[in-house]
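Undergrad: Have a look at the structure that comes next, please.
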Amino acid sequence: MRVLAASTSGLVASICLLEDAIPVTSRSFHHPMQLLQHLVPELSHLLAEAHLDCKDVDLYAVDIGPGSFTGVRVGVTVMKSLAWATRKPAIGVTSLLALASAELASKAPTIVSCVRSRPGMAYWQAFSRSETGLCNSGDPALDGFDMLGTGLSSLGIRECCVRFADPRQGEGERLREVLLGNGIGVVELRCLPIAAEDVGRLAYLAYHQGTSGDPFALNPCYVVPPEIGPRPRPSMSE
């Protein structure tokens, strides 16, 4: 089964072609406010490298967020449209699950995935390991670092591995300090992008476990409503 996967909710977009769950070719690119102009040509180039086109894809996979509102909207819309046009299935995978599933060395029993939203804030979700894979310990949330630490503590987590997408300088260490202040030991903290390879692998597994591939059922995972339109200017105090 050929899987075409895309991740567009972070600062760096990535796309990957997989045969079953094995990556064949991939590429990544920055897209400052120009994702719509870049994504379809990049997908075309990726398929051309493998001497394929859209009709040869068996399954479309896409990162549905949370993350960049614009990035998520564009990625989901493009992959959903390609799946509909070629009458192929499409499956969405959250950015947080893709991060937690990245193949890294840590064997900590709990993995906390974080995607930066704004200074001192992140989308996050905790996952525990089991014999059958990863189990989420709650729904995705958006919190400041202090509330994130309080939320993990309330779940009874005392030790974890953190995977943080798109942090700015110093934010990883700041998050580590907050967790330690809440009595949570950080076995490992890795800063890494959300990889289309992981999105494609998870979508392939989900499809073969019976998840519906209906493109019309594919929707973004926003967590909070998108901010649309100009932001109000702060009032000026005299």
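Going through the structure tokens in order, the chains are called A, B, and so on, while each chain numbers its residues from 1 and the ligands are numbered from 1 in the order shown.
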What's the 12 Å shell around Ala203 in chain A, counting only C-alpha atoms, without same-chain residues fewer than 5 positions away, as a ChimeraX atom specification?
TA: /A:1-6,18,20-21,58-64,89-94,97-98,101,196-198,208-213
Undergrad: Would you give me, as number ranges by chain, the residues in range 94-217 of chain A that DSSP reads as alpha helix (DSSP H)?
TA: A: 95-101, 145-154, 171-181, 196-208
Undergrad: Under the rule that only C-alpha atoms are counted, which of A:Val223, A:Val74, A:Leu43, A:Ile194 is the nearest residue to Asp139 in chain A?
TA: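 Nearest candidate to Asp139 in chain A out of A:Val223, A:Val74, A:Leu43, A:Ile194: A:Val223.
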Undergrad: What gap, in Å, lies between CA of Ser95 in chain A and CA of Ala195 in chain A?
TA: 8.7 Å
Undergrad: Compare A:Val78, A:Val186, A:Ile111, A:Cys16 by their minimum atom-to-atom distance to Gln37 in chain A, counting only C-alpha atoms, and give me the closest one.
TA: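 The closest residue to Gln37 in chain A is A:Val78.
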Undergrad: When you draw a straight line from CA of Glu177 in chain A to CA of Glu159 in chain A, how long is it in Å?
TA: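 Atom-to-atom, CA of Glu177 in chain A to CA of Glu159 in chain A, that is 13.3 Å.
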Undergrad: Set the distance at 7 Å and use only C-alpha atoms: which residues neighbour range 116-130 of chain A once local chain neighbours fewer than 6 positions away are removed? I'd like the list as a list in words.
TA: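 Those residues are Pro66, Gly67, Leu96, Pro109, Thr110, Asn136, Ser137, Gly138, Asp139, Pro140, Ala141, Leu142, Asp143, Gly144, Phe145, Ala165, Asp166 and Pro167 of chain A.
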Undergrad: I need the residue nearest Ala48 in chain A from this list: A:Ser14, A:Thr70, A:Thr86, A:Ser26. Use only C-alpha atoms for the distance.
TA: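 Smallest separation from Ala48 in chain A among the options: A:Ser26.
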